[in-house]
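Data file: data.cif. Format and content: mmCIF, C-alpha atoms.
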```cif
data_upload
#
loop_
_atom_site.label_atom_id
_atom_site.label_comp_id
_atom_site.auth_asym_id
_atom_site.auth_seq_id
_atom_site.Cartn_x
_atom_site.Cartn_y
_atom_site.Cartn_z
CA MET A 1 -41.97 26.22 -0.74
CA ALA A 2 -39.96 29.11 0.69
CA MET A 3 -40.10 29.69 4.40
CA LEU A 4 -39.45 32.97 6.16
CA ILE A 5 -37.65 32.78 9.49
CA LEU A 6 -37.51 35.63 11.96
CA VAL A 7 -34.46 35.76 14.21
CA VAL A 8 -34.55 38.22 17.12
CA GLY A 9 -31.62 38.77 19.38
CA SER A 10 -29.05 41.26 20.65
CA GLY A 11 -31.18 44.20 19.62
CA TYR A 12 -31.60 43.26 15.94
CA VAL A 13 -34.08 41.43 13.80
CA ALA A 14 -33.08 39.31 10.80
CA TYR A 15 -35.35 37.84 8.18
CA LEU A 16 -33.92 34.71 6.62
CA THR A 17 -35.40 32.44 4.02
CA SER A 18 -34.94 28.70 4.39
CA GLN A 19 -32.98 28.79 1.12
CA ALA A 20 -30.50 31.29 2.58
CA ILE A 21 -30.06 29.15 5.69
CA ASN A 22 -29.53 25.99 3.61
CA GLN A 23 -26.93 27.76 1.46
CA SER A 24 -25.12 28.98 4.56
CA VAL A 25 -25.15 25.52 6.16
CA SER A 26 -24.08 23.88 2.89
CA SER A 27 -21.13 26.22 2.46
CA SER A 28 -20.14 25.64 6.09
CA HIS A 29 -20.26 21.86 5.56
CA LEU A 30 -18.27 22.18 2.35
CA GLU A 31 -15.60 24.21 4.14
CA ILE A 32 -15.35 21.59 6.89
CA ALA A 33 -15.09 18.81 4.28
CA LYS A 34 -12.32 20.70 2.47
CA ARG A 35 -10.38 21.13 5.73
CA ALA A 36 -10.77 17.44 6.58
CA ASP A 37 -9.67 16.45 3.06
CA ALA A 38 -6.57 18.66 3.26
CA ILE A 39 -5.58 17.22 6.65
CA ILE A 40 -6.02 13.60 5.53
CA ALA A 41 -4.33 14.16 2.16
CA GLY A 42 -1.32 15.81 3.82
CA SER A 43 -0.96 13.02 6.34
CA LEU A 44 -1.32 10.25 3.74
CA LYS A 45 1.22 11.97 1.50
CA SER A 46 3.69 12.02 4.38
CA LEU A 47 3.11 8.33 5.15
CA LEU A 48 3.46 7.28 1.50
CA GLU A 49 6.67 9.28 1.30
CA ALA A 50 7.97 7.49 4.41
CA VAL A 51 7.47 4.08 2.76
CA ARG A 52 9.12 5.35 -0.43
CA ASN A 53 12.10 6.69 1.52
CA THR A 54 12.47 3.36 3.32
CA ALA A 55 12.54 1.59 -0.06
CA LEU A 56 15.17 4.08 -1.26
CA ASP A 57 17.28 3.47 1.86
CA ILE A 58 17.25 -0.27 1.21
CA GLY A 59 17.51 -0.11 -2.56
CA ARG A 60 20.02 2.69 -3.13
CA GLU A 61 21.76 3.03 0.19
CA ASN A 62 22.04 -0.71 0.89
CA LYS A 63 20.65 -0.15 4.37
CA ASP A 64 19.93 -3.33 6.31
CA PRO A 65 16.19 -4.03 5.78
CA LYS A 66 15.72 -4.94 9.44
CA ILE A 67 17.06 -1.54 10.58
CA ALA A 68 15.10 0.36 7.91
CA LEU A 69 11.84 -1.37 8.86
CA LEU A 70 12.33 -0.71 12.57
CA ALA A 71 13.07 2.95 11.83
CA LEU A 72 9.88 3.22 9.75
CA LEU A 73 7.74 1.78 12.55
CA LYS A 74 9.46 3.90 15.20
CA ASP A 75 9.11 7.15 13.27
CA TYR A 76 5.58 6.46 12.01
CA PRO A 77 3.47 4.66 14.62
CA GLU A 78 0.53 4.65 12.20
CA PHE A 79 2.10 1.57 10.59
CA ALA A 80 1.21 -1.75 12.19
CA ARG A 81 3.73 -3.89 10.29
CA ALA A 82 6.31 -3.59 7.51
CA SER A 83 8.18 -6.20 5.48
CA PHE A 84 10.97 -6.37 2.96
CA VAL A 85 10.36 -8.73 0.05
CA ASN A 86 13.40 -9.62 -2.06
CA ALA A 87 13.58 -9.60 -5.88
CA GLU A 88 12.41 -13.22 -6.01
CA GLY A 89 9.22 -12.40 -4.10
CA ALA A 90 10.23 -13.92 -0.75
CA GLU A 91 9.58 -11.93 2.41
CA THR A 92 12.98 -11.86 4.14
CA ALA A 93 12.45 -9.34 6.94
CA ARG A 94 9.38 -8.36 8.92
CA ALA A 95 8.86 -5.89 11.74
CA ASP A 96 5.76 -5.14 13.71
CA LYS A 97 5.00 -3.18 16.86
CA PHE A 98 6.27 -5.95 19.08
CA SER A 99 9.04 -7.79 17.27
CA VAL A 100 11.35 -8.03 14.30
CA SER A 101 12.16 -11.19 12.38
CA VAL A 102 14.76 -11.44 9.69
CA TYR A 103 16.01 -13.70 6.95
CA GLU A 104 13.33 -16.30 7.23
CA LYS A 105 10.96 -16.93 4.38
CA PHE A 106 7.55 -15.92 5.69
CA ILE A 107 5.27 -15.28 2.72
CA ASP A 108 5.85 -15.85 -0.97
CA TYR A 109 4.71 -12.60 -2.60
CA GLY A 110 6.01 -13.63 -6.06
CA SER A 111 2.65 -13.78 -7.81
CA THR A 112 0.76 -11.19 -5.77
CA GLU A 113 -0.54 -7.88 -7.13
CA PRO A 114 1.67 -5.75 -4.82
CA PHE A 115 4.81 -7.57 -5.99
CA LEU A 116 3.87 -7.48 -9.68
CA LYS A 117 3.13 -3.74 -9.45
CA SER A 118 6.48 -3.20 -7.71
CA LEU A 119 8.28 -5.15 -10.45
CA GLU A 120 6.80 -2.64 -12.92
CA GLY A 121 8.07 0.22 -10.75
CA ASP A 122 4.62 1.19 -9.50
CA ARG A 123 3.28 1.73 -6.00
CA TYR A 124 0.39 -0.44 -4.80
CA ILE A 125 -2.32 0.56 -2.32
CA SER A 126 -4.80 -2.11 -1.27
CA PRO A 127 -8.48 -1.75 -0.52
CA VAL A 128 -9.31 -1.45 3.18
CA PHE A 129 -9.26 -4.73 5.10
CA PHE A 130 -9.56 -5.58 8.79
CA SER A 131 -7.05 -7.20 11.12
CA GLU A 132 -7.98 -10.08 13.40
CA GLN A 133 -8.46 -7.44 16.12
CA GLY A 134 -10.90 -5.50 13.93
CA GLU A 135 -8.54 -2.65 13.04
CA PRO A 136 -9.05 -1.09 9.59
CA LEU A 137 -5.85 -1.40 7.52
CA ILE A 138 -4.50 -0.82 4.04
CA SER A 139 -1.31 -2.25 2.56
CA ILE A 140 1.14 0.02 0.76
CA ALA A 141 3.83 -1.55 -1.41
CA THR A 142 6.72 0.39 -2.97
CA PRO A 143 9.57 -0.98 -5.10
CA ALA A 144 13.20 -0.81 -3.97
CA PHE A 145 15.72 -0.22 -6.75
CA SER A 146 19.52 -0.06 -6.58
CA LEU A 147 21.39 3.01 -7.83
CA GLU A 148 21.96 1.09 -11.09
CA GLY A 149 18.19 0.63 -11.49
CA ARG A 150 18.15 -3.06 -10.56
CA PHE A 151 15.01 -4.24 -8.78
CA ARG A 152 16.03 -5.31 -5.26
CA GLY A 153 12.55 -6.01 -3.93
CA MET A 154 9.76 -4.08 -2.27
CA ILE A 155 8.64 -2.68 1.02
CA ILE A 156 5.10 -3.59 1.99
CA ALA A 157 3.63 -1.86 5.02
CA GLU A 158 0.27 -2.14 6.74
CA LEU A 159 -1.17 1.25 7.67
CA ASN A 160 -3.67 1.33 10.53
CA LEU A 161 -6.39 3.78 9.51
CA ARG A 162 -7.37 4.56 13.11
CA PHE A 163 -4.93 7.47 12.98
CA MET A 164 -7.60 9.33 11.01
CA GLN A 165 -9.69 9.63 14.17
CA ASN A 166 -6.97 11.77 15.73
CA LEU A 167 -6.71 13.84 12.57
CA MET A 168 -10.45 14.49 12.54
CA ALA A 169 -10.31 15.72 16.13
CA GLU A 170 -8.50 18.75 14.63
CA VAL A 171 -11.53 19.58 12.49
CA THR A 172 -14.11 21.45 14.52
CA PHE A 173 -17.81 21.39 13.74
CA ASN A 174 -19.74 23.28 16.37
CA ARG A 175 -19.65 21.66 19.77
CA ARG A 176 -21.66 18.54 19.10
CA GLY A 177 -20.97 17.95 15.43
CA LYS A 178 -19.12 14.92 14.16
CA VAL A 179 -16.93 14.49 11.12
CA TYR A 180 -16.91 11.15 9.33
CA VAL A 181 -14.44 9.91 6.75
CA VAL A 182 -16.01 8.07 3.84
CA ALA A 183 -14.53 6.99 0.54
CA SER A 184 -16.27 6.56 -2.76
CA ASN A 185 -15.95 3.17 -4.39
CA HIS A 186 -14.60 3.59 -7.90
#
```
Output the file's structure as structure tokens, nothing else.
Amino acid sequence: MAMLILVVGSGYVAYLTSQAINQSVSSSHLEIAKRADAIIAGSLKSLLEAVRNTALDIGRENKDPKIALLALLKDYPEFARASFVNAEGAETARADKFSVSVYEKFIDYGSTEPFLKSLEGDRYISPVFFSEQGEPLISIATPAFSLEGRFRGMIIAELNLRFMQNLMAEVTFNRRGKVYVVASNH
């Protein structure tokens, strides 16, 4: 059923059908969604690149893992924690917001999906999980190879997804509108 709406204001009269209004609102929503998607995609690309560059620093440049991990956390506060896992699957360095620990065996990653993907030369991104404090996180693992192509280990970093709230503040939707980030489950 089509509805006719009369809008009077500022000395003009407009006749709008409900279909025209819905199309206008839908295109406005689509534009907002596209802007939000571009902002999130750009930010995630930058963060993934940061983990990859840290792996390159350790793998090709022989940078001390402890220093590389601290630099990653300092330059990208969106990360809650980062670890270096050696070629045998043993975590040998870990840094988080409050401390750095090195050359102790913390976790054996040897048979985990992130490590096995890294061995194949692939990046791994986990499903969303929650920290003990209720923060939404994902893990990103990237292999570290030497200049000769030898697998040296992997970087695994926990990305706090709360940073998306700040990103969405950049997307305007009237004065009272809210933008939500949702992901489809494939």
Resolved residues for the PyMOL selection byres ((chain A and resi 83-97) around 10) as a compact mmCIF listing (two decimals) with C-alpha atoms, in the frame of the given file:
```txt
# COMPACT_ATOMS: atom_id res chain seq x y z
CA THR A 54 12.47 3.36 3.32
CA ALA A 55 12.54 1.59 -0.06
CA ILE A 58 17.25 -0.27 1.21
CA ASP A 64 19.93 -3.33 6.31
CA PRO A 65 16.19 -4.03 5.78
CA LYS A 66 15.72 -4.94 9.44
CA ILE A 67 17.06 -1.54 10.58
CA ALA A 68 15.10 0.36 7.91
CA LEU A 69 11.84 -1.37 8.86
CA LEU A 70 12.33 -0.71 12.57
CA ALA A 71 13.07 2.95 11.83
CA LEU A 72 9.88 3.22 9.75
CA LEU A 73 7.74 1.78 12.55
CA LYS A 74 9.46 3.90 15.20
CA PRO A 77 3.47 4.66 14.62
CA PHE A 79 2.10 1.57 10.59
CA ALA A 80 1.21 -1.75 12.19
CA ARG A 81 3.73 -3.89 10.29
CA ALA A 82 6.31 -3.59 7.51
CA PHE A 98 6.27 -5.95 19.08
CA SER A 99 9.04 -7.79 17.27
CA VAL A 100 11.35 -8.03 14.30
CA SER A 101 12.16 -11.19 12.38
CA VAL A 102 14.76 -11.44 9.69
CA TYR A 103 16.01 -13.70 6.95
CA GLU A 104 13.33 -16.30 7.23
CA LYS A 105 10.96 -16.93 4.38
CA PHE A 106 7.55 -15.92 5.69
CA ILE A 107 5.27 -15.28 2.72
CA ASP A 108 5.85 -15.85 -0.97
CA TYR A 109 4.71 -12.60 -2.60
CA GLY A 110 6.01 -13.63 -6.06
CA SER A 111 2.65 -13.78 -7.81
CA THR A 112 0.76 -11.19 -5.77
CA PHE A 115 4.81 -7.57 -5.99
CA LEU A 116 3.87 -7.48 -9.68
CA SER A 118 6.48 -3.20 -7.71
CA LEU A 119 8.28 -5.15 -10.45
CA ALA A 141 3.83 -1.55 -1.41
CA THR A 142 6.72 0.39 -2.97
CA PRO A 143 9.57 -0.98 -5.10
CA ALA A 144 13.20 -0.81 -3.97
CA PHE A 145 15.72 -0.22 -6.75
CA ARG A 150 18.15 -3.06 -10.56
CA PHE A 151 15.01 -4.24 -8.78
CA ARG A 152 16.03 -5.31 -5.26
CA GLY A 153 12.55 -6.01 -3.93
CA MET A 154 9.76 -4.08 -2.27
CA ILE A 155 8.64 -2.68 1.02
CA ILE A 156 5.10 -3.59 1.99
CA ALA A 157 3.63 -1.86 5.02
CA GLU A 158 0.27 -2.14 6.74
```
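Closest approach to Arg52 (chain A) among A:Ser146, A:Arg123, A:Arg162, A:Phe129 is made by A:Arg123 (distances from all atoms listed in the file).
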Discussion item. Considering all atoms listed in the file, can you say which of A:Leu159, A:Leu30, A:Leu167, A:Ile39 comes closest to Tyr76 (chain A)?
Written reply: A:Leu159
Fill in: Nearest-residue call for Leu48 (chain A), choices A:Ser131, A:Ser28, A:Ser139, A:Asn62, using only C-alpha atoms
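Closest candidate: A:Ser139.
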Worksheet item: Just how far from CA of Tyr124 (chain A) is CA of Ser46 (chain A), in Å to one decimal?
Response: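 Taking CA of Ser46 (chain A) as the start and CA of Tyr124 (chain A) as the end point, the length is 15.8 Å.
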Worksheet entry | Output check: residues returned by the PyMOL selection byres ((chain A and resi 128) around 9), as a list in words |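 Applied to this file, the PyMOL selection byres ((chain A and resi 128) around 9) selects Ser126, Pro127, Phe129, Phe130, Pro136, Leu137, Ile138, Ser139 and Leu161 of chain A.
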Fill in: For CA of Ile140 (chain A) and CA of Asp75 (chain A), the interatomic separation in Å (one decimal)
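Going from CA of Ile140 (chain A) over to CA of Asp75 (chain A), I get 16.5 Å.
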Item to complete: Go ahead and compute the interatomic distance for CA of Met168 (chain A) and CA of Gly42 (chain A), in Å to one decimal.
Response: 12.7 Å
Test item: axis-aligned box, all listed atoms of region 155-167 of chain A, 8 Å on each side, centre and edges in Å rounded to one decimal, as lines of an AutoDock Vina configuration file:
```
center_x = -0.5
center_y = 5.1
center_z = 8.4
size_x = 34.3
size_y = 33.4
size_z = 30.7
```
Worksheet entry | Nearest-residue call for Glu148 (chain A), choices A:Asp122, A:Arg60, A:Pro114, A:Met164, using all atoms listed in the file | A:Arg60
